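query_26.cif follows (mmCIF, C-alpha atoms):
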data_data
#
loop_
_atom_site.group_PDB
_atom_site.id
_atom_site.type_symbol
_atom_site.label_atom_id
_atom_site.label_comp_id
_atom_site.auth_asym_id
_atom_site.auth_seq_id
_atom_site.Cartn_x
_atom_site.Cartn_y
_atom_site.Cartn_z
ATOM 1 C CA MET A 1 -25.688 307.406 187.420
ATOM 2 C CA ARG A 2 -24.926 308.724 184.008
ATOM 3 C CA LYS A 3 -21.246 309.242 183.373
ATOM 4 C CA HIS A 4 -19.948 312.499 182.003
ATOM 5 C CA LEU A 5 -17.947 312.743 178.829
ATOM 6 C CA LEU A 6 -15.221 315.297 179.411
ATOM 7 C CA LEU A 7 -12.796 316.912 177.029
ATOM 8 C CA THR A 8 -11.510 314.702 174.284
ATOM 9 C CA VAL A 9 -11.001 311.032 173.650
ATOM 10 C CA ALA A 10 -7.341 311.730 173.017
ATOM 11 C CA LEU A 11 -6.919 313.322 176.444
ATOM 12 C CA THR A 12 -8.653 310.370 178.003
ATOM 13 C CA SER A 13 -6.222 307.993 176.363
ATOM 14 C CA ILE A 14 -3.232 309.983 177.546
ATOM 15 C CA ALA A 15 -4.580 310.236 181.085
ATOM 16 C CA GLY A 16 -5.060 306.503 181.179
ATOM 17 C CA LEU A 17 -1.348 306.007 180.604
ATOM 18 C CA LEU A 18 -0.328 308.299 183.436
ATOM 19 C CA VAL A 19 0.626 306.886 186.783
ATOM 20 C CA ALA A 20 -1.768 307.675 189.644
ATOM 21 C CA CYS A 21 -0.329 308.866 192.924
ATOM 22 C CA GLY A 22 -2.919 307.280 195.169
ATOM 23 C CA SER A 23 -5.159 304.275 195.513
ATOM 24 C CA THR A 24 -8.692 303.273 194.603
ATOM 25 C CA GLU A 25 -10.966 301.452 196.978
ATOM 26 C CA GLN A 26 -14.577 300.517 197.564
ATOM 27 C CA SER A 27 -16.549 302.125 200.396
ATOM 28 C CA GLY A 28 -19.529 300.946 202.364
ATOM 29 C CA GLU A 29 -22.071 298.212 201.853
ATOM 30 C CA ALA A 30 -24.917 300.430 200.673
ATOM 31 C CA GLY A 31 -26.950 299.280 197.720
ATOM 32 C CA GLY A 32 -27.965 301.185 194.620
ATOM 33 C CA GLU A 33 -25.985 302.239 191.609
ATOM 34 C CA ARG A 34 -22.383 302.935 192.438
ATOM 35 C CA VAL A 35 -20.973 306.447 192.093
ATOM 36 C CA GLU A 36 -17.267 307.221 191.729
ATOM 37 C CA ILE A 37 -15.625 310.140 193.537
ATOM 38 C CA GLY A 38 -12.155 311.403 192.752
ATOM 39 C CA ILE A 39 -10.274 312.548 195.871
ATOM 40 C CA VAL A 40 -7.336 314.885 195.260
ATOM 41 C CA GLN A 41 -5.159 315.896 198.221
ATOM 42 C CA TYR A 42 -2.381 318.408 197.537
ATOM 43 C CA ALA A 43 0.152 317.188 200.120
ATOM 44 C CA ASP A 44 0.592 315.064 203.205
ATOM 45 C CA HIS A 45 0.208 316.870 206.503
ATOM 46 C CA PRO A 46 -2.038 316.202 209.502
ATOM 47 C CA SER A 47 -4.718 318.823 208.781
ATOM 48 C CA LEU A 48 -5.234 317.814 205.157
ATOM 49 C CA ASP A 49 -5.244 314.166 206.199
ATOM 50 C CA GLN A 50 -7.978 314.961 208.755
ATOM 51 C CA ALA A 51 -10.065 316.803 206.151
ATOM 52 C CA THR A 52 -9.898 313.875 203.725
ATOM 53 C CA GLU A 53 -10.810 311.483 206.531
ATOM 54 C CA GLY A 54 -13.842 313.628 207.402
ATOM 55 C CA PHE A 55 -14.971 313.738 203.771
ATOM 56 C CA ARG A 56 -14.746 309.971 203.413
ATOM 57 C CA ALA A 57 -16.610 309.472 206.705
ATOM 58 C CA ALA A 58 -19.567 311.573 205.550
ATOM 59 C CA LEU A 59 -19.911 309.477 202.387
ATOM 60 C CA GLU A 60 -19.519 306.240 204.330
ATOM 61 C CA ASP A 61 -22.246 307.425 206.723
ATOM 62 C CA SER A 62 -24.605 307.992 203.791
ATOM 63 C CA ALA A 63 -26.749 305.511 201.888
ATOM 64 C CA LEU A 64 -24.653 305.948 198.759
ATOM 65 C CA ASN A 65 -22.660 303.145 197.157
ATOM 66 C CA VAL A 66 -19.355 304.931 196.605
ATOM 67 C CA LYS A 67 -16.073 304.060 194.966
ATOM 68 C CA PHE A 68 -13.214 306.435 195.889
ATOM 69 C CA ASP A 69 -10.403 307.189 193.453
ATOM 70 C CA GLU A 70 -7.790 308.569 195.860
ATOM 71 C CA ASN A 71 -4.819 310.673 194.769
ATOM 72 C CA ASN A 72 -2.098 312.688 196.513
ATOM 73 C CA ALA A 73 0.094 315.144 194.591
ATOM 74 C CA ASN A 74 2.760 315.261 197.341
ATOM 75 C CA GLY A 75 3.048 319.027 196.854
ATOM 76 C CA ASP A 76 3.780 318.835 193.095
ATOM 77 C CA ALA A 77 1.596 321.038 190.856
ATOM 78 C CA ASN A 78 2.593 319.054 187.770
ATOM 79 C CA THR A 79 1.247 315.922 189.426
ATOM 80 C CA LEU A 80 -2.054 317.721 190.060
ATOM 81 C CA GLN A 81 -2.538 318.164 186.318
ATOM 82 C CA THR A 82 -1.772 314.480 185.796
ATOM 83 C CA ILE A 83 -4.402 313.587 188.384
ATOM 84 C CA ALA A 84 -6.981 315.876 186.744
ATOM 85 C CA ASP A 85 -6.420 314.198 183.385
ATOM 86 C CA LYS A 86 -6.746 310.762 184.983
ATOM 87 C CA LEU A 87 -10.040 311.647 186.682
ATOM 88 C CA ILE A 88 -11.392 312.950 183.393
ATOM 89 C CA GLY A 89 -10.435 309.677 181.774
ATOM 90 C CA ASN A 90 -12.095 307.691 184.552
ATOM 91 C CA GLU A 91 -15.313 309.724 184.145
ATOM 92 C CA VAL A 92 -15.812 310.241 187.877
ATOM 93 C CA ASP A 93 -19.157 311.613 189.103
ATOM 94 C CA LEU A 94 -17.725 314.176 191.551
ATOM 95 C CA VAL A 95 -14.303 315.495 192.582
ATOM 96 C CA PHE A 96 -13.162 316.393 196.111
ATOM 97 C CA ALA A 97 -10.157 318.759 196.045
ATOM 98 C CA ASN A 98 -8.270 319.220 199.315
ATOM 99 C CA ALA A 99 -6.240 322.490 199.496
ATOM 100 C CA THR A 100 -6.118 325.536 197.236
ATOM 101 C CA PRO A 101 -3.603 324.320 194.585
ATOM 102 C CA ALA A 102 -5.563 321.091 194.149
ATOM 103 C CA ALA A 103 -8.870 322.962 193.835
ATOM 104 C CA GLN A 104 -7.451 325.446 191.312
ATOM 105 C CA ILE A 105 -6.043 322.776 188.974
ATOM 106 C CA MET A 106 -9.178 320.636 189.193
ATOM 107 C CA ALA A 107 -11.436 323.654 188.545
ATOM 108 C CA SER A 108 -9.425 324.781 185.518
ATOM 109 C CA SER A 109 -9.397 321.275 184.021
ATOM 110 C CA ILE A 110 -12.771 319.751 184.920
ATOM 111 C CA THR A 111 -15.791 321.832 183.964
ATOM 112 C CA GLU A 112 -18.673 319.368 183.648
ATOM 113 C CA VAL A 113 -18.487 317.513 186.966
ATOM 114 C CA PRO A 114 -19.247 318.971 190.435
ATOM 115 C CA ILE A 115 -16.093 319.840 192.387
ATOM 116 C CA LEU A 116 -16.153 320.290 196.157
ATOM 117 C CA PHE A 117 -13.098 321.771 197.876
ATOM 118 C CA THR A 118 -11.939 322.084 201.446
ATOM 119 C CA SER A 119 -8.851 323.535 203.159
ATOM 120 C CA VAL A 120 -9.174 326.626 200.923
ATOM 121 C CA THR A 121 -8.769 330.025 202.591
ATOM 122 C CA ASP A 122 -9.995 332.482 199.971
ATOM 123 C CA PRO A 123 -12.076 330.755 197.264
ATOM 124 C CA VAL A 124 -13.114 334.070 195.683
ATOM 125 C CA GLY A 125 -9.531 335.344 195.468
ATOM 126 C CA ALA A 126 -8.445 331.955 194.144
ATOM 127 C CA GLN A 127 -11.085 332.365 191.400
ATOM 128 C CA LEU A 128 -12.861 329.166 192.378
ATOM 129 C CA VAL A 129 -16.283 330.780 192.940
ATOM 130 C CA ASP A 130 -18.018 334.018 192.018
ATOM 131 C CA SER A 131 -19.064 334.610 195.637
ATOM 132 C CA LEU A 132 -19.366 332.623 198.845
ATOM 133 C CA GLU A 133 -23.158 332.852 198.696
ATOM 134 C CA GLU A 134 -23.611 332.042 194.975
ATOM 135 C CA PRO A 135 -20.635 330.060 193.599
ATOM 136 C CA GLY A 136 -22.066 330.256 190.084
ATOM 137 C CA GLY A 137 -20.133 327.406 188.425
ATOM 138 C CA ASN A 138 -19.404 323.738 189.098
ATOM 139 C CA VAL A 139 -17.335 324.424 192.247
ATOM 140 C CA SER A 140 -18.242 324.972 195.923
ATOM 141 C CA GLY A 141 -17.046 323.611 199.266
ATOM 142 C CA THR A 142 -15.774 324.531 202.721
ATOM 143 C CA VAL A 143 -13.053 326.970 203.718
ATOM 144 C CA ASP A 144 -10.311 326.559 206.319
ATOM 145 C CA PHE A 145 -10.268 330.180 207.377
ATOM 146 C CA HIS A 146 -12.210 331.741 210.198
ATOM 147 C CA PRO A 147 -12.697 335.501 209.722
ATOM 148 C CA GLU A 148 -11.299 336.273 213.195
ATOM 149 C CA ALA A 149 -8.331 333.867 213.214
ATOM 150 C CA ILE A 150 -5.545 336.198 212.028
ATOM 151 C CA GLU A 151 -6.637 339.230 214.052
ATOM 152 C CA LYS A 152 -7.007 337.165 217.242
ATOM 153 C CA SER A 153 -3.588 335.580 216.706
ATOM 154 C CA ILE A 154 -1.858 338.942 216.322
ATOM 155 C CA ALA A 155 -3.750 340.283 219.363
ATOM 156 C CA LEU A 156 -2.529 337.304 221.398
ATOM 157 C CA MET A 157 1.088 337.988 220.412
ATOM 158 C CA ASP A 158 0.704 341.655 221.366
ATOM 159 C CA GLU A 159 -1.307 341.431 224.568
ATOM 160 C CA GLU A 160 0.114 338.277 226.152
ATOM 161 C CA PHE A 161 3.703 338.293 224.815
ATOM 162 C CA ASP A 162 4.410 341.985 224.007
ATOM 163 C CA LEU A 163 6.036 341.022 220.690
ATOM 164 C CA GLU A 164 6.928 343.492 217.927
ATOM 165 C CA ARG A 165 8.601 341.667 215.006
ATOM 166 C CA ILE A 166 6.818 338.567 213.726
ATOM 167 C CA GLY A 167 8.486 336.228 211.240
ATOM 168 C CA MET A 168 6.274 334.509 208.660
ATOM 169 C CA VAL A 169 7.474 331.742 206.310
ATOM 170 C CA TYR A 170 5.193 330.912 203.401
ATOM 171 C CA ASN A 171 4.949 329.994 199.726
ATOM 172 C CA ALA A 172 4.287 333.256 197.867
ATOM 173 C CA GLY A 173 2.967 331.239 194.936
ATOM 174 C CA GLU A 174 0.082 329.887 197.007
ATOM 175 C CA GLN A 175 -2.831 332.317 196.905
ATOM 176 C CA ASN A 176 -4.162 330.965 200.188
ATOM 177 C CA SER A 177 -0.951 331.966 201.953
ATOM 178 C CA GLN A 178 -0.544 335.382 200.362
ATOM 179 C CA HIS A 179 -4.062 336.292 201.469
ATOM 180 C CA GLN A 180 -3.325 335.372 205.078
ATOM 181 C CA VAL A 181 -0.003 337.214 205.135
ATOM 182 C CA ASN A 182 -1.716 340.362 203.856
ATOM 183 C CA LEU A 183 -4.287 340.108 206.651
ATOM 184 C CA ALA A 184 -1.521 339.572 209.200
ATOM 185 C CA LYS A 185 0.267 342.697 207.966
ATOM 186 C CA GLU A 186 -2.886 344.771 208.385
ATOM 187 C CA ALA A 187 -3.532 343.442 211.890
ATOM 188 C CA ALA A 188 0.109 343.896 212.938
ATOM 189 C CA GLU A 189 0.408 347.433 211.583
ATOM 190 C CA ALA A 190 -2.753 348.424 213.461
ATOM 191 C CA ARG A 191 -0.954 347.462 216.688
ATOM 192 C CA GLY A 192 2.423 348.994 215.823
ATOM 193 C CA MET A 193 3.940 345.591 215.083
ATOM 194 C CA SER A 194 5.690 344.409 211.904
ATOM 195 C CA ILE A 195 5.768 341.269 209.756
ATOM 196 C CA VAL A 196 9.125 339.991 208.473
ATOM 197 C CA GLU A 197 8.707 337.594 205.534
ATOM 198 C CA ALA A 198 10.646 334.641 204.156
ATOM 199 C CA THR A 199 9.293 332.660 201.216
ATOM 200 C CA VAL A 200 9.702 329.085 200.033
ATOM 201 C CA GLN A 201 8.905 327.185 196.870
ATOM 202 C CA THR A 202 8.725 323.717 198.395
ATOM 203 C CA SER A 203 8.892 322.048 201.804
ATOM 204 C CA ALA A 204 12.583 321.466 201.236
ATOM 205 C CA ASP A 205 13.183 325.224 201.587
ATOM 206 C CA VAL A 206 11.471 325.618 204.982
ATOM 207 C CA GLN A 207 14.466 325.245 207.295
ATOM 208 C CA THR A 208 16.704 327.600 205.297
ATOM 209 C CA ALA A 209 13.934 330.203 205.017
ATOM 210 C CA THR A 210 13.184 330.022 208.743
ATOM 211 C CA GLU A 211 16.831 330.353 209.698
ATOM 212 C CA SER A 212 17.162 333.403 207.429
ATOM 213 C CA LEU A 213 14.872 335.283 209.829
ATOM 214 C CA ILE A 214 16.985 334.721 212.939
ATOM 215 C CA GLY A 215 18.133 338.012 214.467
ATOM 216 C CA GLU A 216 15.348 339.975 212.782
ATOM 217 C CA ILE A 217 12.313 338.632 214.645
ATOM 218 C CA ASP A 218 10.854 338.142 218.136
ATOM 219 C CA ALA A 219 8.566 335.218 217.203
ATOM 220 C CA LEU A 220 7.454 332.950 214.362
ATOM 221 C CA TYR A 221 3.917 332.717 213.007
ATOM 222 C CA ILE A 222 3.116 329.888 210.571
ATOM 223 C CA ILE A 223 -0.261 330.190 208.888
ATOM 224 C CA THR A 224 -2.033 327.390 206.974
ATOM 225 C CA ASP A 225 0.558 327.216 204.188
ATOM 226 C CA ASN A 226 0.624 323.645 202.871
ATOM 227 C CA ASP A 227 4.326 323.555 202.023
ATOM 228 C CA VAL A 228 5.446 325.087 205.320
ATOM 229 C CA VAL A 229 3.077 323.001 207.448
ATOM 230 C CA ALA A 230 4.381 319.916 205.649
ATOM 231 C CA GLY A 231 7.855 321.009 206.821
ATOM 232 C CA LEU A 232 6.757 322.195 210.268
ATOM 233 C CA ASP A 233 9.263 319.988 212.117
ATOM 234 C CA ALA A 234 12.051 322.171 210.728
ATOM 235 C CA VAL A 235 10.349 325.344 212.014
ATOM 236 C CA ILE A 236 9.778 323.795 215.440
ATOM 237 C CA GLY A 237 13.438 322.806 215.598
ATOM 238 C CA VAL A 238 14.569 326.362 214.858
ATOM 239 C CA ALA A 239 12.074 327.855 217.359
ATOM 240 C CA GLU A 240 13.266 325.563 220.145
ATOM 241 C CA ARG A 241 16.938 326.057 219.349
ATOM 242 C CA GLU A 242 16.646 329.847 219.149
ATOM 243 C CA GLN A 243 14.137 330.063 222.053
ATOM 244 C CA LEU A 244 11.506 331.825 219.930
ATOM 245 C CA PRO A 245 7.745 331.476 220.509
ATOM 246 C CA LEU A 246 6.089 329.704 217.573
ATOM 247 C CA PHE A 247 2.448 330.550 216.811
ATOM 248 C CA VAL A 248 0.530 328.454 214.277
ATOM 249 C CA GLY A 249 -2.723 328.545 212.338
ATOM 250 C CA GLU A 250 -4.008 325.029 212.991
ATOM 251 C CA ILE A 251 -4.783 322.984 216.086
ATOM 252 C CA ASP A 252 -2.940 320.050 214.490
ATOM 253 C CA SER A 253 0.167 322.241 214.339
ATOM 254 C CA VAL A 254 -0.171 323.089 218.055
ATOM 255 C CA GLU A 255 -0.338 319.374 218.775
ATOM 256 C CA ALA A 256 2.737 318.875 216.583
ATOM 257 C CA GLY A 257 4.785 321.289 218.737
ATOM 258 C CA GLY A 258 3.654 324.867 218.131
ATOM 259 C CA LEU A 259 3.233 327.077 221.196
ATOM 260 C CA ALA A 260 -0.314 328.307 220.532
ATOM 261 C CA GLY A 261 -2.847 328.797 217.787
ATOM 262 C CA PHE A 262 -6.446 329.590 216.969
ATOM 263 C CA GLY A 263 -8.054 326.846 214.924
ATOM 264 C CA PHE A 264 -10.836 324.390 214.319
ATOM 265 C CA SER A 265 -11.310 320.780 213.331
ATOM 266 C CA TYR A 266 -10.214 319.971 209.769
ATOM 267 C CA TYR A 267 -12.110 316.711 210.113
ATOM 268 C CA ASP A 268 -15.304 318.778 210.551
ATOM 269 C CA ILE A 269 -14.809 320.921 207.434
ATOM 270 C CA GLY A 270 -13.986 317.776 205.438
ATOM 271 C CA TYR A 271 -17.097 316.077 206.814
ATOM 272 C CA LYS A 272 -19.231 319.092 205.837
ATOM 273 C CA ALA A 273 -17.878 318.915 202.279
ATOM 274 C CA GLY A 274 -18.837 315.241 202.308
ATOM 275 C CA GLU A 275 -22.369 316.105 203.350
ATOM 276 C CA MET A 276 -22.519 318.532 200.423
ATOM 277 C CA ALA A 277 -21.409 315.698 198.123
ATOM 278 C CA VAL A 278 -24.276 313.545 199.395
ATOM 279 C CA GLU A 279 -26.722 316.376 198.662
ATOM 280 C CA ILE A 280 -25.452 316.520 195.076
ATOM 281 C CA LEU A 281 -25.176 312.796 194.364
ATOM 282 C CA ASN A 282 -28.185 311.582 196.315
ATOM 283 C CA ASP A 283 -30.591 314.520 196.264
ATOM 284 C CA GLY A 284 -29.661 316.200 192.993
ATOM 285 C CA ALA A 285 -28.584 319.497 194.543
ATOM 286 C CA ASP A 286 -27.076 322.060 192.149
ATOM 287 C CA VAL A 287 -23.488 322.835 193.163
ATOM 288 C CA SER A 288 -23.673 326.262 191.500
ATOM 289 C CA THR A 289 -26.177 327.429 194.142
ATOM 290 C CA MET A 290 -24.641 325.712 197.180
ATOM 291 C CA SER A 291 -23.054 328.396 199.349
ATOM 292 C CA VAL A 292 -19.480 327.986 200.543
ATOM 293 C CA GLU A 293 -19.439 326.927 204.203
ATOM 294 C CA LEU A 294 -17.249 328.480 206.949
ATOM 295 C CA PRO A 295 -15.720 326.663 209.967
ATOM 296 C CA PRO A 296 -18.302 326.576 212.774
ATOM 297 C CA GLU A 297 -16.150 327.798 215.666
ATOM 298 C CA LEU A 298 -12.676 329.042 216.580
ATOM 299 C CA ASN A 299 -10.708 327.652 219.535
ATOM 300 C CA LEU A 300 -7.445 328.775 221.167
ATOM 301 C CA VAL A 301 -5.091 325.935 222.097
ATOM 302 C CA PHE A 302 -1.772 326.184 224.018
ATOM 303 C CA ASN A 303 0.990 323.575 224.226
ATOM 304 C CA ARG A 304 2.631 323.688 227.681
ATOM 305 C CA GLY A 305 5.478 321.376 226.664
ATOM 306 C CA ALA A 306 6.284 323.525 223.654
ATOM 307 C CA ALA A 307 6.429 326.611 225.908
ATOM 308 C CA GLU A 308 9.024 324.885 228.086
ATOM 309 C CA ARG A 309 11.098 323.768 225.086
ATOM 310 C CA MET A 310 11.013 327.328 223.664
ATOM 311 C CA GLY A 311 12.109 328.820 226.993
ATOM 312 C CA ILE A 312 8.845 330.643 227.630
ATOM 313 C CA LYS A 313 7.628 331.036 231.224
ATOM 314 C CA TRP A 314 4.118 329.631 231.559
ATOM 315 C CA GLN A 315 1.511 332.170 232.708
ATOM 316 C CA ASP A 316 -1.358 330.991 234.922
ATOM 317 C CA ASN A 317 -3.950 333.087 233.067
ATOM 318 C CA TRP A 318 -3.308 331.102 229.870
ATOM 319 C CA GLU A 319 -5.242 328.234 231.456
ATOM 320 C CA GLU A 320 -8.370 330.423 231.525
ATOM 321 C CA LEU A 321 -7.655 332.095 228.191
ATOM 322 C CA ALA A 322 -7.317 328.827 226.255
ATOM 323 C CA ASP A 323 -10.080 326.491 225.183
ATOM 324 C CA ASP A 324 -7.606 323.641 225.576
ATOM 325 C CA VAL A 325 -4.060 323.116 226.884
ATOM 326 C CA ILE A 326 -1.882 320.285 225.598
ATOM 327 C CA ASP A 327 0.453 318.909 228.261
ATOM 328 C CA GLU A 328 3.279 317.279 226.345
#
Spit out the file's structure as structure tokens when you get a sec.
Amino acid sequence: MRKHLLLTVALTSIAGLLVACGSTEQSGEAGGERVEIGIVQYADHPSLDQATEGFRAALEDSALNVKFDENNANGDANTLQTIADKLIGNEVDLVFANATPAAQIMASSITEVPILFTSVTDPVGAQLVDSLEEPGGNVSGTVDFHPEAIEKSIALMDEEFDLERIGMVYNAGEQNSQHQVNLAKEAAEARGMSIVEATVQTSADVQTATESLIGEIDALYIITDNDVVAGLDAVIGVAEREQLPLFVGEIDSVEAGGLAGFGFSYYDIGYKAGEMAVEILNDGADVSTMSVELPPELNLVFNRGAAERMGIKWQDNWEELADDVIDE
């Protein structure tokens, strides 16, 4: 496959001197000319890890001969720019960007290579695509937001727990998070409830921000904010210590110790992005006309052990209400 010449030779030279934050490895035993895919994950947490695993699996299940150039920014935006420069220098054939900050930096830096994202909540608001139906540029992918997730979560807090003041911790600099908080405010206000906010800049701020809400809230609700999910153990610790119900926006976060959450498989949305990559690299599909894909279904999961640790009396009807109950 023809390589793409991107930006300048000088930039390529600089990028080559920069230290990568991931590893490069060969995938599969398929024949044919090898293609190189740059993988960029914003941070380490279970959902993003699952999405990257799904993406890799789709390529490994294809007939393509693929070399992955894997990178993880560990939550550092400056590192994302370093990774973008490196991928330009390596003349990769396609980029997979996992999470909104990663997709935004890749899209602003790489304009002549297809970019597929996942774990992005609002790709239009993040200025990654013109519309979900017609992306228009060199970027498309799969989102990690189901249209009903926020409203159903707030309804659960109201109807099953009779809560009024909901604490939300998030990074206000992440567009993905601000969008979800705004939706939560609308849903809460419609039910006479209120959202109490605390913001962070990095995962290191999560415990302090969560503790700042104590005394002002009846429950915690952590949406799919990468920095806060990466520091979820701190939130769980506060919720258990203060006997506050903790609602989350990902099934992985329920499994990690959240009380309940509506979610879907991040592996599946990563796998779908991988299938889109195969369409581009193998079939010559035009990324500019590939519609952004939504999660296929939304499931409610409870964690019975978390309920006990948060001092919440288990209700028998939750067994019927949930699609799954974790007993740990």
Given only C-alpha atoms, how would the per-residue table for range 152-213 of chain A near range 113-127 of chain A read, listing every residue at most 8 Å away with its closest atom pair and distance in Å to one decimal, sorted by chain and number, as a Markdown table?
| residue | atom | partner | partner_atom | distance |
| --- | --- | --- | --- | --- |
| A:Gln175 | CA | A:Ala126 | CA | 6.3 |
| A:Asn176 | CA | A:Thr121 | CA | 5.3 |
| A:His179 | CA | A:Asp122 | CA | 7.2 |
Give me, please, the distance in Å between CA of Thr202 in chain A and CA of Gly270 in chain A, quoted to one decimal.
-> 24.5 Å
What is the distance, in Å and to one decimal place, between CA of Thr82 in chain A and CA of Glu36 in chain A?
-> 18.1 Å
Quick one: of A:Val248, A:Val169, A:Ile280, A:Ala102, who's nearest to Ile154 in chain A, counting all atoms listed in the file?
->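 Under the stated criterion, the closest residue is A:Val248.
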Counting all atoms listed in the file, which of A:Pro296, A:Pro245, A:Gly284, A:Gly32 gets nearest to Ser265 in chain A?
->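 For Ser265 in chain A, the nearest of the candidates is A:Pro296.
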The PyMOL selection byres ((chain A and resi 217) around 8) resolved against shown file, as a ChimeraX atom specification | /A:164-167,196,213-216,218-220
Write a file of the selected residues as a tab-separated table (two decimals), in the frame of the given file, keeping C-alpha atoms.
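What ended up in out35.tsv:
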chain	number	residue	atom	x	y	z
A	164	GLU	CA	6.93	343.49	217.93
A	165	ARG	CA	8.60	341.67	215.01
A	166	ILE	CA	6.82	338.57	213.73
A	167	GLY	CA	8.49	336.23	211.24
A	196	VAL	CA	9.12	339.99	208.47
A	213	LEU	CA	14.87	335.28	209.83
A	214	ILE	CA	16.98	334.72	212.94
A	215	GLY	CA	18.13	338.01	214.47
A	216	GLU	CA	15.35	339.98	212.78
A	218	ASP	CA	10.85	338.14	218.14
A	219	ALA	CA	8.57	335.22	217.20
A	220	LEU	CA	7.45	332.95	214.36
Of A:Ser109, A:Ser177, A:Thr100, A:Thr224, the one nearest to Phe264 in chain A when counting only C-alpha atoms is A:Thr224
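The shortest atom-to-atom distance to Glu159 in chain A, with all atoms listed in the file taken into account, belongs to A:Arg191 out of A:Asn299, A:Leu232, A:Gln178, A:Arg191.
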Please, what distance in Å, to one decimal, runs between CA of Asp286 in chain A and CA of Asn138 in chain A?
->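 Computed distance, CA of Asp286 in chain A to CA of Asn138 in chain A, equals 8.4 Å.
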So which residues touch Phe302 in chain A within 9 Å, counting only C-alpha atoms, skipping near sequence neighbours fewer than 6 positions away, as an NGL selection string?
-> :A and (254-255 or 258-261 or 318-319 or 322-327)
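Closest approach to Tyr170 in chain A among A:Val139, A:Ala97, A:Leu156, A:Ile223: A:Ile223, based on all atoms listed in the file.
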